[in-house]
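Before any comments, here is the structure.
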Amino acid sequence: MAQHTVESVDTAAHRVTLALEVGMYPIEVLYGAAYVFIDRCFVLLDKDEGQSKGGRYLVHLRGKTDFSEKELLDLSGEFGNELLSQALRRKIVKQNQKIIEEITTQAIAGAAGGTLPTDFLDSSDDGMDFLDDPLGIAVPWEDKFKKKSAEQP
């Protein structure tokens with residue numbers, strides 16, 4: 001069963017250190033969980049190559065406010081829960097990657113006005129030139145407001 005271990009609790013420094021085996025979670029999951037906690041505490045991620053075969057990740061959580069020992073232990077438990085949550089999110093995204101890409105493509109195409117490549121292949125000439133401005137949109141700013149100021153007494 002995947003779980004983290006509390007390495008140390010330092011109430012004077014308001015810090016708790018957690019240890020995770022390297023193969024337990026992908027590094028992206030660790031980053032995601034750390035990101036969720038940056039509003040409440042400082043997060044330092046470290047790697048310990050020493051004891052185990054693949055090494056361990058050390059996660060140092062230091063409170064931005066004063067934390068008691070119980071609050072630090074609760075914080076470590078919340079971090080473990082967030083690791084599980086991030087791992088599940090990652091798994092769901094991987095399983096639904098194709099659907100996510102299709103929905104995103106359709107959303108972008110809809111936002112672009114549904115323009116399809118076949119629209120560009122239409123060779124019919126509507127008699128308009130790119131310099132034509134029937135609505136008067138391309139009038140320079142100076143010309144537009146110079147006329148109005150000249151009309152006023």
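Each chain of the structure tokens is named A, B, ... in the order shown, its residues numbered from 1; ligands are numbered from 1 in display order.
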
(message) Please identify the strand (DSSP E or B) residues within chain A (assignment by DSSP from backbone atoms) and present them as a ChimeraX atom specification.
(response) /A:5-10,15-21,41-48,56-63

(request) Name the residues of chain A that come out as helix (DSSP H, G or I) in a backbone DSSP run; write them as a PyMOL selection string. (result) chain A and resi 27-37+69-95+97-111+117-120+141-151

(message) With only C-alpha atoms as the counted atoms, please give the residues lying no more than 12 Å from Gly50 in chain A, apart from itself and same-chain residues fewer than 5 positions off, as a ChimeraX atom specification.
(response) /A:21-22,55-58

(request) Using only C-alpha atoms, pick whichever of A:Glu7, A:Leu72, A:Phe79, A:Thr17 has the shortest atom-to-atom distance to Ile38 in chain A. (result)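 Distance minimum relative to Ile38 in chain A lands on A:Phe79.
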
(message) Neighbouring residues of Gly77 in chain A were defined as those with any atom within 10 Å, considering only C-alpha atoms; residues of the same chain fewer than 6 positions away were excluded. Please report them as a VMD selection string.
(response) chain A and resid 3 to 6 18 71 83
